[in-house]
file model03.pdb (PDB, C-alpha atoms)
ATOM      1  CA  MET A   1      -6.874  28.323   3.565
ATOM      2  CA  ASN A   2      -8.008  26.489   6.634
ATOM      3  CA  PHE A   3      -8.064  22.773   5.905
ATOM      4  CA  PHE A   4     -10.173  21.957   8.889
ATOM      5  CA  LYS A   5     -12.936  24.342   7.824
ATOM      6  CA  ASN A   6     -13.171  23.259   4.221
ATOM      7  CA  LYS A   7     -15.687  20.436   4.148
ATOM      8  CA  TRP A   8     -14.797  19.417   0.595
ATOM      9  CA  ILE A   9     -11.171  18.834   1.485
ATOM     10  CA  VAL A  10     -12.286  16.738   4.452
ATOM     11  CA  ILE A  11     -14.631  14.684   2.252
ATOM     12  CA  ALA A  12     -11.927  14.249  -0.403
ATOM     13  CA  PHE A  13      -9.446  13.058   2.240
ATOM     14  CA  ARG A  14     -12.030  10.673   3.698
ATOM     15  CA  LEU A  15     -12.744   9.132   0.304
ATOM     16  CA  PHE A  16      -9.053   8.932  -0.605
ATOM     17  CA  LEU A  17      -7.938   7.356   2.686
ATOM     18  CA  GLY A  18     -10.967   5.049   2.720
ATOM     19  CA  GLY A  19     -10.264   3.841  -0.799
ATOM     20  CA  LEU A  20      -6.579   3.415  -0.022
ATOM     21  CA  LEU A  21      -7.249   1.339   3.104
ATOM     22  CA  ILE A  22      -9.829  -0.864   1.391
ATOM     23  CA  TYR A  23      -7.492  -1.422  -1.554
ATOM     24  CA  ALA A  24      -4.636  -2.262   0.829
ATOM     25  CA  SER A  25      -6.720  -4.836   2.685
ATOM     26  CA  PHE A  26      -7.787  -7.160  -0.145
ATOM     27  CA  ASP A  27      -4.550  -8.940  -0.958
ATOM     28  CA  LYS A  28      -3.715  -9.368   2.728
ATOM     29  CA  ILE A  29      -7.137 -10.815   3.550
ATOM     30  CA  GLU A  30      -6.738 -13.329   0.748
ATOM     31  CA  ASN A  31      -3.165 -14.319   1.686
ATOM     32  CA  PRO A  32      -2.814 -14.368   5.484
ATOM     33  CA  GLU A  33       0.143 -16.749   5.404
ATOM     34  CA  ALA A  34       2.154 -14.539   3.039
ATOM     35  CA  PHE A  35       1.294 -11.426   5.052
ATOM     36  CA  ALA A  36       2.261 -13.156   8.336
ATOM     37  CA  LYS A  37       5.669 -13.984   6.818
ATOM     38  CA  ILE A  38       6.164 -10.356   5.804
ATOM     39  CA  ILE A  39       5.249  -9.194   9.326
ATOM     40  CA  ARG A  40       7.766 -11.671  10.768
ATOM     41  CA  ASN A  41      10.455 -10.253   8.468
ATOM     42  CA  TYR A  42      10.068  -6.853  10.112
ATOM     43  CA  HIS A  43      11.361  -8.397  13.358
ATOM     44  CA  ALA A  44       9.339  -5.785  15.228
ATOM     45  CA  PHE A  45       6.579  -7.861  16.806
ATOM     46  CA  PRO A  46       6.552 -10.908  19.100
ATOM     47  CA  TYR A  47       6.687 -14.024  16.924
ATOM     48  CA  ALA A  48       3.590 -15.645  18.420
ATOM     49  CA  ALA A  49       1.554 -12.504  17.694
ATOM     50  CA  THR A  50       2.410 -12.311  13.995
ATOM     51  CA  ASN A  51      -0.381 -14.615  12.802
ATOM     52  CA  ILE A  52      -3.120 -12.894  14.762
ATOM     53  CA  LEU A  53      -1.811  -9.544  13.468
ATOM     54  CA  ALA A  54      -1.938 -10.864   9.915
ATOM     55  CA  LEU A  55      -5.523 -11.984  10.452
ATOM     56  CA  LEU A  56      -6.689  -8.831  12.210
ATOM     57  CA  LEU A  57      -4.889  -5.888  10.584
ATOM     58  CA  PRO A  58      -6.334  -6.212   7.036
ATOM     59  CA  TRP A  59      -9.871  -6.358   8.407
ATOM     60  CA  ILE A  60      -9.258  -3.262  10.521
ATOM     61  CA  GLU A  61      -8.009  -1.554   7.350
ATOM     62  CA  LEU A  62     -11.107  -2.691   5.468
ATOM     63  CA  TYR A  63     -13.622  -1.536   8.071
ATOM     64  CA  THR A  64     -11.789   1.693   8.809
ATOM     65  CA  GLY A  65     -11.867   2.397   5.070
ATOM     66  CA  VAL A  66     -15.578   1.587   4.851
ATOM     67  CA  CYS A  67     -16.287   3.820   7.873
ATOM     68  CA  LEU A  68     -14.367   6.745   6.380
ATOM     69  CA  ILE A  69     -16.122   6.491   3.034
ATOM     70  CA  PHE A  70     -19.647   6.001   4.343
ATOM     71  CA  GLY A  71     -19.368   8.441   7.223
ATOM     72  CA  ILE A  72     -19.666   5.992  10.091
ATOM     73  CA  PHE A  73     -17.667   6.557  13.288
ATOM     74  CA  VAL A  74     -15.481   9.053  11.418
ATOM     75  CA  ASP A  75     -13.845  10.249  14.645
ATOM     76  CA  GLY A  76     -12.792   6.754  15.652
ATOM     77  CA  ALA A  77     -11.896   5.726  12.097
ATOM     78  CA  SER A  78      -9.669   8.757  11.513
ATOM     79  CA  LEU A  79      -7.909   8.205  14.843
ATOM     80  CA  LEU A  80      -7.440   4.534  13.995
ATOM     81  CA  THR A  81      -6.008   5.527  10.604
ATOM     82  CA  MET A  82      -3.513   7.795  12.361
ATOM     83  CA  ALA A  83      -2.605   4.992  14.777
ATOM     84  CA  MET A  84      -2.090   2.509  11.924
ATOM     85  CA  MET A  85       0.037   4.956   9.948
ATOM     86  CA  GLY A  86       2.057   5.590  13.110
ATOM     87  CA  VAL A  87       2.703   1.867  13.536
ATOM     88  CA  PHE A  88       3.609   1.513   9.836
ATOM     89  CA  ILE A  89       5.993   4.466  10.011
ATOM     90  CA  ILE A  90       7.746   3.023  13.076
ATOM     91  CA  ALA A  91       7.885  -0.510  11.636
ATOM     92  CA  ILE A  92       9.274   0.637   8.278
ATOM     93  CA  SER A  93      11.689   3.138   9.879
ATOM     94  CA  GLN A  94      13.223   0.563  12.198
ATOM     95  CA  ALA A  95      13.673  -1.785   9.235
ATOM     96  CA  VAL A  96      15.311   0.949   7.155
ATOM     97  CA  LEU A  97      17.512   2.056  10.067
ATOM     98  CA  ARG A  98      18.696  -1.482  10.708
ATOM     99  CA  GLY A  99      19.370  -1.848   7.028
ATOM    100  CA  ILE A 100      17.108  -4.836   6.489
ATOM    101  CA  ASP A 101      15.816  -4.926   2.959
ATOM    102  CA  ILE A 102      12.382  -6.494   3.158
ATOM    103  CA  GLU A 103       9.090  -6.487   1.333
ATOM    104  CA  CYS A 104       6.797  -3.741   2.526
ATOM    105  CA  GLY A 105       3.560  -5.725   2.498
ATOM    106  CA  CYS A 106       1.795  -2.384   2.239
ATOM    107  CA  PHE A 107      -0.561  -3.131  -0.625
ATOM    108  CA  LYS A 108       0.492  -6.415  -2.186
ATOM    109  CA  VAL A 109       1.763  -9.388  -0.249
ATOM    110  CA  THR A 110       2.199 -11.894  -3.045
ATOM    111  CA  GLU A 111       3.599 -10.725  -6.357
ATOM    112  CA  GLY A 112       4.792  -7.208  -6.934
ATOM    113  CA  SER A 113       5.161  -6.188  -3.326
ATOM    114  CA  SER A 114       7.297  -3.075  -3.040
ATOM    115  CA  ARG A 115      10.311  -2.855  -0.744
ATOM    116  CA  VAL A 116      10.481  -0.763   2.378
ATOM    117  CA  GLY A 117      12.207   2.595   2.054
ATOM    118  CA  MET A 118      12.080   6.342   2.619
ATOM    119  CA  ARG A 119       9.347   6.765  -0.002
ATOM    120  CA  ARG A 120       6.940   4.600   1.957
ATOM    121  CA  ILE A 121       7.717   6.473   5.177
ATOM    122  CA  ILE A 122       7.028   9.844   3.532
ATOM    123  CA  GLU A 123       3.795   8.538   1.996
ATOM    124  CA  ASP A 124       2.604   7.251   5.352
ATOM    125  CA  ILE A 125       3.425  10.577   7.017
ATOM    126  CA  ILE A 126       1.271  12.315   4.382
ATOM    127  CA  TYR A 127      -1.595   9.851   4.987
ATOM    128  CA  LEU A 128      -1.238  10.427   8.727
ATOM    129  CA  GLY A 129      -1.534  14.165   8.120
ATOM    130  CA  MET A 130      -4.647  13.662   5.987
ATOM    131  CA  ALA A 131      -6.230  11.531   8.716
ATOM    132  CA  PHE A 132      -5.415  14.286  11.211
ATOM    133  CA  VAL A 133      -7.262  16.822   9.043
ATOM    134  CA  VAL A 134     -10.290  14.506   8.963
ATOM    135  CA  TRP A 135     -10.112  14.009  12.724
ATOM    136  CA  LYS A 136      -9.941  17.761  13.417
ATOM    137  CA  ARG A 137     -12.690  18.655  10.921
ATOM    138  CA  GLU A 138     -15.058  21.364  12.022
ATOM    139  CA  GLU A 139     -18.065  20.486   9.921
ATOM    140  CA  LYS A 140     -19.597  17.044   9.623
ATOM    141  CA  VAL A 141     -20.849  16.376   6.120
ATOM    142  CA  GLY A 142     -22.168  13.064   4.840
ATOM    143  CA  GLU A 143     -21.876  11.343   8.212
ATOM    144  CA  TRP A 144     -24.624   9.024   9.396
ATOM    145  CA  LEU A 145     -23.318   7.529  12.608
ATOM    146  CA  PRO A 146     -23.314   8.947  15.217
ATOM    147  CA  LYS A 147     -26.052  11.244  13.941
ATOM    148  CA  SER A 148     -24.731  14.736  13.309
ATOM    149  CA  LEU A 149     -26.805  17.493  14.821
TER     150      LEU A 149
ATOM    151  CA  MET B   1      -9.020  10.663  22.901
ATOM    152  CA  SER B   2     -12.593  10.914  24.115
ATOM    153  CA  GLN B   3     -14.747   8.079  25.368
ATOM    154  CA  LYS B   4     -16.874   8.322  22.220
ATOM    155  CA  GLU B   5     -13.806   7.764  20.027
ATOM    156  CA  LEU B   6     -12.640   4.895  22.199
ATOM    157  CA  ILE B   7     -16.013   3.159  21.810
ATOM    158  CA  GLN B   8     -15.940   3.676  18.037
ATOM    159  CA  ILE B   9     -12.411   2.282  17.764
ATOM    160  CA  SER B  10     -13.352  -0.695  19.938
ATOM    161  CA  ILE B  11     -16.336  -1.455  17.696
ATOM    162  CA  ILE B  12     -14.210  -1.289  14.528
ATOM    163  CA  ILE B  13     -11.507  -3.528  16.043
ATOM    164  CA  GLY B  14     -14.125  -5.883  17.524
ATOM    165  CA  VAL B  15     -15.897  -6.342  14.192
ATOM    166  CA  SER B  16     -12.524  -6.846  12.479
ATOM    167  CA  LEU B  17     -11.544  -9.469  15.031
ATOM    168  CA  LEU B  18     -14.848 -11.287  14.541
ATOM    169  CA  PHE B  19     -14.572 -11.311  10.739
ATOM    170  CA  GLY B  20     -10.813 -11.900  10.646
ATOM    171  CA  LEU B  21     -10.963 -14.954  12.892
ATOM    172  CA  GLY B  22     -14.300 -16.142  11.481
ATOM    173  CA  TYR B  23     -13.116 -15.981   7.885
ATOM    174  CA  ASN B  24      -9.915 -17.775   8.870
ATOM    175  CA  VAL B  25     -11.882 -20.693  10.313
ATOM    176  CA  PHE B  26     -14.042 -21.187   7.223
ATOM    177  CA  ARG B  27     -11.437 -20.744   4.525
ATOM    178  CA  ASP B  28      -9.182 -23.369   3.000
ATOM    179  CA  ASN B  29      -5.835 -21.664   3.594
ATOM    180  CA  GLY B  30      -6.486 -20.592   7.177
ATOM    181  CA  ILE B  31      -3.510 -20.152   9.492
ATOM    182  CA  PRO B  32      -3.070 -20.985  13.188
ATOM    183  CA  ILE B  33      -3.991 -17.996  15.368
ATOM    184  CA  ILE B  34      -0.797 -18.258  17.368
ATOM    185  CA  ALA B  35       2.276 -18.522  15.149
ATOM    186  CA  LYS B  36       4.403 -21.562  15.936
ATOM    187  CA  LYS B  37       8.102 -20.957  15.983
ATOM    188  CA  ILE B  38      10.441 -23.682  14.904
ATOM    189  CA  VAL B  39      13.644 -23.205  16.826
ATOM    190  CA  TYR B  40      16.793 -25.092  16.135
ATOM    191  CA  GLU B  41      18.953 -25.513  19.103
ATOM    192  CA  GLN B  42      21.969 -27.533  19.967
ATOM    193  CA  ALA B  43      20.725 -29.781  22.756
ATOM    194  CA  ASP B  44      22.600 -29.622  25.993
ATOM    195  CA  ILE B  45      23.566 -32.948  27.544
ATOM    196  CA  THR B  46      22.545 -31.711  30.996
ATOM    197  CA  GLU B  47      18.975 -31.648  29.760
ATOM    198  CA  LEU B  48      18.972 -35.402  29.941
ATOM    199  CA  GLU B  49      19.258 -35.133  33.678
ATOM    200  CA  ARG B  50      16.022 -33.203  33.672
ATOM    201  CA  ASN B  51      12.841 -34.780  32.467
ATOM    202  CA  THR B  52      13.130 -35.184  28.701
ATOM    203  CA  THR B  53       9.427 -35.835  28.316
ATOM    204  CA  LYS B  54       8.484 -32.347  29.437
ATOM    205  CA  VAL B  55       6.114 -30.589  27.076
ATOM    206  CA  GLU B  56       7.568 -27.520  25.403
ATOM    207  CA  LEU B  57       5.311 -24.506  25.044
ATOM    208  CA  GLU B  58       6.329 -24.017  21.463
ATOM    209  CA  PRO B  59       7.586 -26.727  19.160
ATOM    210  CA  ILE B  60      11.294 -26.871  19.350
ATOM    211  CA  ILE B  61      13.554 -28.894  17.163
ATOM    212  CA  LYS B  62      16.769 -29.751  18.868
ATOM    213  CA  ILE B  63      19.835 -31.048  17.141
ATOM    214  CA  VAL B  64      21.513 -33.775  19.160
ATOM    215  CA  ASP B  65      24.836 -35.604  18.907
ATOM    216  CA  LEU B  66      25.546 -39.317  19.348
ATOM    217  CA  THR B  67      25.877 -39.267  23.160
ATOM    218  CA  MET B  68      22.675 -37.354  23.572
ATOM    219  CA  ALA B  69      20.874 -39.574  21.025
ATOM    220  CA  LYS B  70      21.951 -42.692  22.946
ATOM    221  CA  GLY B  71      20.739 -41.088  26.172
ATOM    222  CA  LEU B  72      17.349 -40.388  24.635
ATOM    223  CA  TYR B  73      17.261 -43.923  23.198
ATOM    224  CA  ASP B  74      17.879 -45.407  26.642
ATOM    225  CA  ARG B  75      15.035 -43.290  27.995
ATOM    226  CA  GLY B  76      12.646 -44.815  25.483
ATOM    227  CA  VAL B  77      12.243 -41.826  23.162
ATOM    228  CA  ILE B  78      10.617 -42.865  19.882
ATOM    229  CA  PHE B  79      13.102 -42.960  17.004
ATOM    230  CA  VAL B  80      11.796 -42.280  13.512
ATOM    231  CA  ASP B  81      13.905 -43.187  10.495
ATOM    232  CA  ALA B  82      13.396 -40.516   7.836
ATOM    233  CA  ARG B  83      15.050 -42.479   5.032
ATOM    234  CA  ASP B  84      13.131 -44.440   2.403
ATOM    235  CA  GLU B  85      11.823 -47.953   2.888
ATOM    236  CA  THR B  86      14.676 -49.643   1.025
ATOM    237  CA  GLU B  87      17.436 -48.065   3.075
ATOM    238  CA  PHE B  88      15.436 -48.691   6.239
ATOM    239  CA  SER B  89      15.046 -52.393   5.520
ATOM    240  CA  VAL B  90      18.771 -52.830   4.899
ATOM    241  CA  GLY B  91      19.544 -51.677   8.419
ATOM    242  CA  HIS B  92      18.246 -49.258  11.032
ATOM    243  CA  ILE B  93      18.431 -48.339  14.697
ATOM    244  CA  GLU B  94      16.755 -51.054  16.740
ATOM    245  CA  GLY B  95      13.113 -50.243  17.419
ATOM    246  CA  ALA B  96      13.060 -47.260  15.036
ATOM    247  CA  LEU B  97       9.892 -46.616  13.051
ATOM    248  CA  ASN B  98       9.761 -45.848   9.352
ATOM    249  CA  VAL B  99       6.421 -44.096   9.162
ATOM    250  CA  SER B 100       4.867 -40.863   7.886
ATOM    251  CA  SER B 101       3.731 -38.018  10.159
ATOM    252  CA  ILE B 102       0.106 -39.100   9.759
ATOM    253  CA  GLN B 103       0.840 -42.667  10.755
ATOM    254  CA  LEU B 104       2.910 -41.486  13.703
ATOM    255  CA  ALA B 105       0.108 -39.245  14.938
ATOM    256  CA  GLU B 106      -2.096 -42.323  15.144
ATOM    257  CA  LEU B 107       0.521 -44.269  17.066
ATOM    258  CA  ILE B 108       1.666 -41.812  19.718
ATOM    259  CA  SER B 109       0.561 -38.656  21.488
ATOM    260  CA  PHE B 110       1.662 -35.160  20.414
ATOM    261  CA  ASP B 111       3.377 -34.742  23.770
ATOM    262  CA  ASP B 112       5.652 -37.753  23.270
ATOM    263  CA  PRO B 113       9.223 -36.792  22.424
ATOM    264  CA  ILE B 114      10.438 -38.001  19.038
ATOM    265  CA  LEU B 115      13.876 -38.258  17.506
ATOM    266  CA  THR B 116      14.366 -38.254  13.754
ATOM    267  CA  TYR B 117      17.453 -39.346  11.911
ATOM    268  CA  CYS B 118      18.583 -40.216   8.408
ATOM    269  CA  SER B 119      21.903 -41.020   6.793
ATOM    270  CA  GLY B 120      24.121 -38.493   8.518
ATOM    271  CA  GLU B 121      25.382 -34.939   8.278
ATOM    272  CA  ASP B 122      24.635 -34.172   4.646
ATOM    273  CA  CYS B 123      21.160 -35.681   4.800
ATOM    274  CA  GLU B 124      18.240 -33.241   4.997
ATOM    275  CA  LEU B 125      15.463 -35.826   5.397
ATOM    276  CA  SER B 126      15.554 -35.870   9.206
ATOM    277  CA  ILE B 127      15.220 -32.050   9.340
ATOM    278  CA  THR B 128      12.393 -32.049   6.793
ATOM    279  CA  LEU B 129      10.558 -34.743   8.737
ATOM    280  CA  ALA B 130      11.145 -32.897  12.025
ATOM    281  CA  GLU B 131       9.643 -29.692  10.571
ATOM    282  CA  GLU B 132       6.696 -31.670   9.249
ATOM    283  CA  LEU B 133       6.158 -33.217  12.690
ATOM    284  CA  ALA B 134       6.358 -29.761  14.316
ATOM    285  CA  ASP B 135       3.746 -28.454  11.879
ATOM    286  CA  PHE B 136       1.645 -31.472  12.657
ATOM    287  CA  GLY B 137       1.574 -30.614  16.330
ATOM    288  CA  PHE B 138       4.291 -32.683  17.966
ATOM    289  CA  SER B 139       5.924 -30.630  20.669
ATOM    290  CA  THR B 140       9.301 -32.162  21.406
ATOM    291  CA  ILE B 141      11.429 -33.186  18.471
ATOM    292  CA  PHE B 142      15.092 -34.081  18.310
ATOM    293  CA  VAL B 143      17.180 -34.481  15.204
ATOM    294  CA  PHE B 144      20.149 -36.809  15.471
ATOM    295  CA  SER B 145      22.591 -35.185  13.081
ATOM    296  CA  GLY B 146      25.058 -38.083  12.966
ATOM    297  CA  GLY B 147      22.290 -40.410  11.847
ATOM    298  CA  TRP B 148      22.550 -44.033  10.862
ATOM    299  CA  PRO B 149      26.288 -44.178   9.983
ATOM    300  CA  GLU B 150      27.389 -42.736  13.335
ATOM    301  CA  TRP B 151      25.046 -44.991  15.290
ATOM    302  CA  GLU B 152      26.147 -48.096  13.404
ATOM    303  CA  SER B 153      29.857 -47.395  13.823
ATOM    304  CA  ALA B 154      29.354 -46.840  17.568
ATOM    305  CA  ASP B 155      28.081 -50.411  17.836
ATOM    306  CA  TYR B 156      24.789 -49.367  19.348
ATOM    307  CA  PRO B 157      21.702 -51.587  18.958
ATOM    308  CA  VAL B 158      20.695 -52.073  15.314
ATOM    309  CA  GLU B 159      18.385 -54.246  13.287
ATOM    310  CA  MET B 160      19.903 -55.556  10.066
ATOM    311  CA  GLU B 161      18.401 -57.330   7.094
ATOM    312  CA  GLN B 162      18.755 -61.071   7.540
TER     313      GLN B 162
END
call {"tool": "encode", "arguments": {"input": "model03.pdb", "output": "structure tokens"}}
result
Amino acid sequence: MNFFKNKWIVIAFRLFLGGLLIYASFDKIENPEAFAKIIRNYHAFPYAATNILALLLPWIELYTGVCLIFGIFVDGASLLTMAMMGVFIIAISQAVLRGIDIECGCFKVTEGSSRVGMRRIIEDIIYLGMAFVVWKREEKVGEWLPKSL
Amino acid sequence: MSQKELIQISIIIGVSLLFGLGYNVFRDNGIPIIAKKIVYEQADITELERNTTKVELEPIIKIVDLTMAKGLYDRGVIFVDARDETEFSVGHIEGALNVSSIQLAELISFDDPILTYCSGEDCELSITLAEELADFGFSTIFVFSGGWPEWESADYPVEMEQ
């Protein structure tokens, strides 16, 4: 079965990734300080940039999710999803490789945040793959901007 | 990546930036856009030869010893006693202030170097105060680890209760 030709698979992936990104953004938007601390723990970004990342990233997740679900800028949104997953995979991998046991900050940044680990990396690789399928889709269904022909 | 995709990504990031920064301004628990790093560093005595009033780009808390503290004192750096009022009134470094961060902000400029001290090595008050001052916006902060006992025993200028 060709994934890229099946419009229902593409729509299902769009809805799933969109929902996932929106869900992931809420707790971070509400707790920028906690999320900034988690980013700092990764030791992967310049210190001064950690706050602006904590302020910006959750909103990018939110809008990318909204775009995927409502069919706006799906090309850009799916590429952005792949880019974000790529960054997450690298950030988590370097933490795992260096043996630092830190909170993931993937979905929850206050209570009940999971730890980084192989499971998260595999999940993110799967999400990256799903975003790739959306990006390479052959048929545009339920997309409003830019207008499909 | 095509130009169309680049424009779409830019719009998504632009809108996120607008809302992320905007929401941060209007909310109660907003955070500074640029993260301030508090760095602890053993001060080097040679720094005294350079201008000690230089403004650091990021707040730095430097731990200083007795010699260095005396050097800063002679250069007119403001000394803040982090201990409580009672201990302060019994005896303190001459000219030292016993004020809160808020009061200090009204007295001096954020660029003025400050030294905090308390009752010696096992006292955390000077560090706590220094961190508070850094958060407040002061840019050059020294912590005199030896504190009051070391200063007093060195026979440096003090003010004692009459």
call {"tool": "residues_around", "arguments": {"input": "model03.pdb", "residues": "Ala54 of chain A", "least_positions_apart": "2", "cutoff": "10 Å", "atoms": "only C-alpha atoms", "output": "list in words"}}
result
Lys28, Ile29, Asn31, Pro32, Glu33, Ala34, Phe35, Ala36, Lys37, Ile38, Ile39, Arg40, Ala49, Thr50, Asn51, Ile52, Leu56, Leu57, Pro58 and Trp59 of chain A; Gly20, Ile31 and Ile33 of chain B
call {"tool": "resolve_selection", "arguments": {"input": "model03.pdb", "expression": "the PyMOL selection byres ((chain B and resi 120) around 12)", "output": "mmCIF file with C-alpha atoms, in the coordinates of the input"}}
result
data_model
loop_
_atom_site.group_PDB
_atom_site.id
_atom_site.type_symbol
_atom_site.label_atom_id
_atom_site.label_comp_id
_atom_site.auth_asym_id
_atom_site.auth_seq_id
_atom_site.Cartn_x
_atom_site.Cartn_y
_atom_site.Cartn_z
ATOM 1 C CA VAL B 64 21.513 -33.775 19.160
ATOM 2 C CA ASP B 65 24.836 -35.604 18.907
ATOM 3 C CA LEU B 66 25.546 -39.317 19.348
ATOM 4 C CA ASP B 81 13.905 -43.187 10.495
ATOM 5 C CA ALA B 82 13.396 -40.516 7.836
ATOM 6 C CA ARG B 83 15.050 -42.479 5.032
ATOM 7 C CA THR B 116 14.366 -38.254 13.754
ATOM 8 C CA TYR B 117 17.453 -39.346 11.911
ATOM 9 C CA CYS B 118 18.583 -40.216 8.408
ATOM 10 C CA SER B 119 21.903 -41.020 6.793
ATOM 11 C CA GLU B 121 25.382 -34.939 8.278
ATOM 12 C CA ASP B 122 24.635 -34.172 4.646
ATOM 13 C CA CYS B 123 21.160 -35.681 4.800
ATOM 14 C CA GLU B 124 18.240 -33.241 4.997
ATOM 15 C CA LEU B 125 15.463 -35.826 5.397
ATOM 16 C CA SER B 126 15.554 -35.870 9.206
ATOM 17 C CA ILE B 127 15.220 -32.050 9.340
ATOM 18 C CA VAL B 143 17.180 -34.481 15.204
ATOM 19 C CA PHE B 144 20.149 -36.809 15.471
ATOM 20 C CA SER B 145 22.591 -35.185 13.081
ATOM 21 C CA GLY B 146 25.058 -38.083 12.966
ATOM 22 C CA GLY B 147 22.290 -40.410 11.847
ATOM 23 C CA TRP B 148 22.550 -44.033 10.862
ATOM 24 C CA PRO B 149 26.288 -44.178 9.983
ATOM 25 C CA GLU B 150 27.389 -42.736 13.335
ATOM 26 C CA TRP B 151 25.046 -44.991 15.290
ATOM 27 C CA GLU B 152 26.147 -48.096 13.404
ATOM 28 C CA SER B 153 29.857 -47.395 13.823
#
call {"tool": "residues_near_point", "arguments": {"input": "model03.pdb", "point": "(-6.3, 15.2, 7.4)", "cutoff": "12 Å", "atoms": "only C-alpha atoms", "output": "MDAnalysis selection string"}}
result
chainID A and resid 2:17 68 74:75 77:79 81:82 125:138
call {"tool": "atom_distance", "arguments": {"input": "model03.pdb", "atom1": "atom CA of Tyr23 of chain B", "atom2": "atom CA of His43 of chain A"}}
result
26.2 Å
call {"tool": "closest_residue", "arguments": {"input": "model03.pdb", "among": "A:Leu21, A:Gly76, A:Val87, A:Gly65", "to": "chain B", "atoms": "all atoms listed in the file"}}
result
A:Gly76
call {"tool": "atom_distance", "arguments": {"input": "model03.pdb", "atom1": "atom CA of Ala44 of chain A", "atom2": "atom CA of Phe107 of chain A"}}
result
18.9 Å
call {"tool": "atom_distance", "arguments": {"input": "model03.pdb", "atom1": "atom CA of Ile61 of chain B", "atom2": "atom CA of Glu132 of chain B"}}
result
10.8 Å
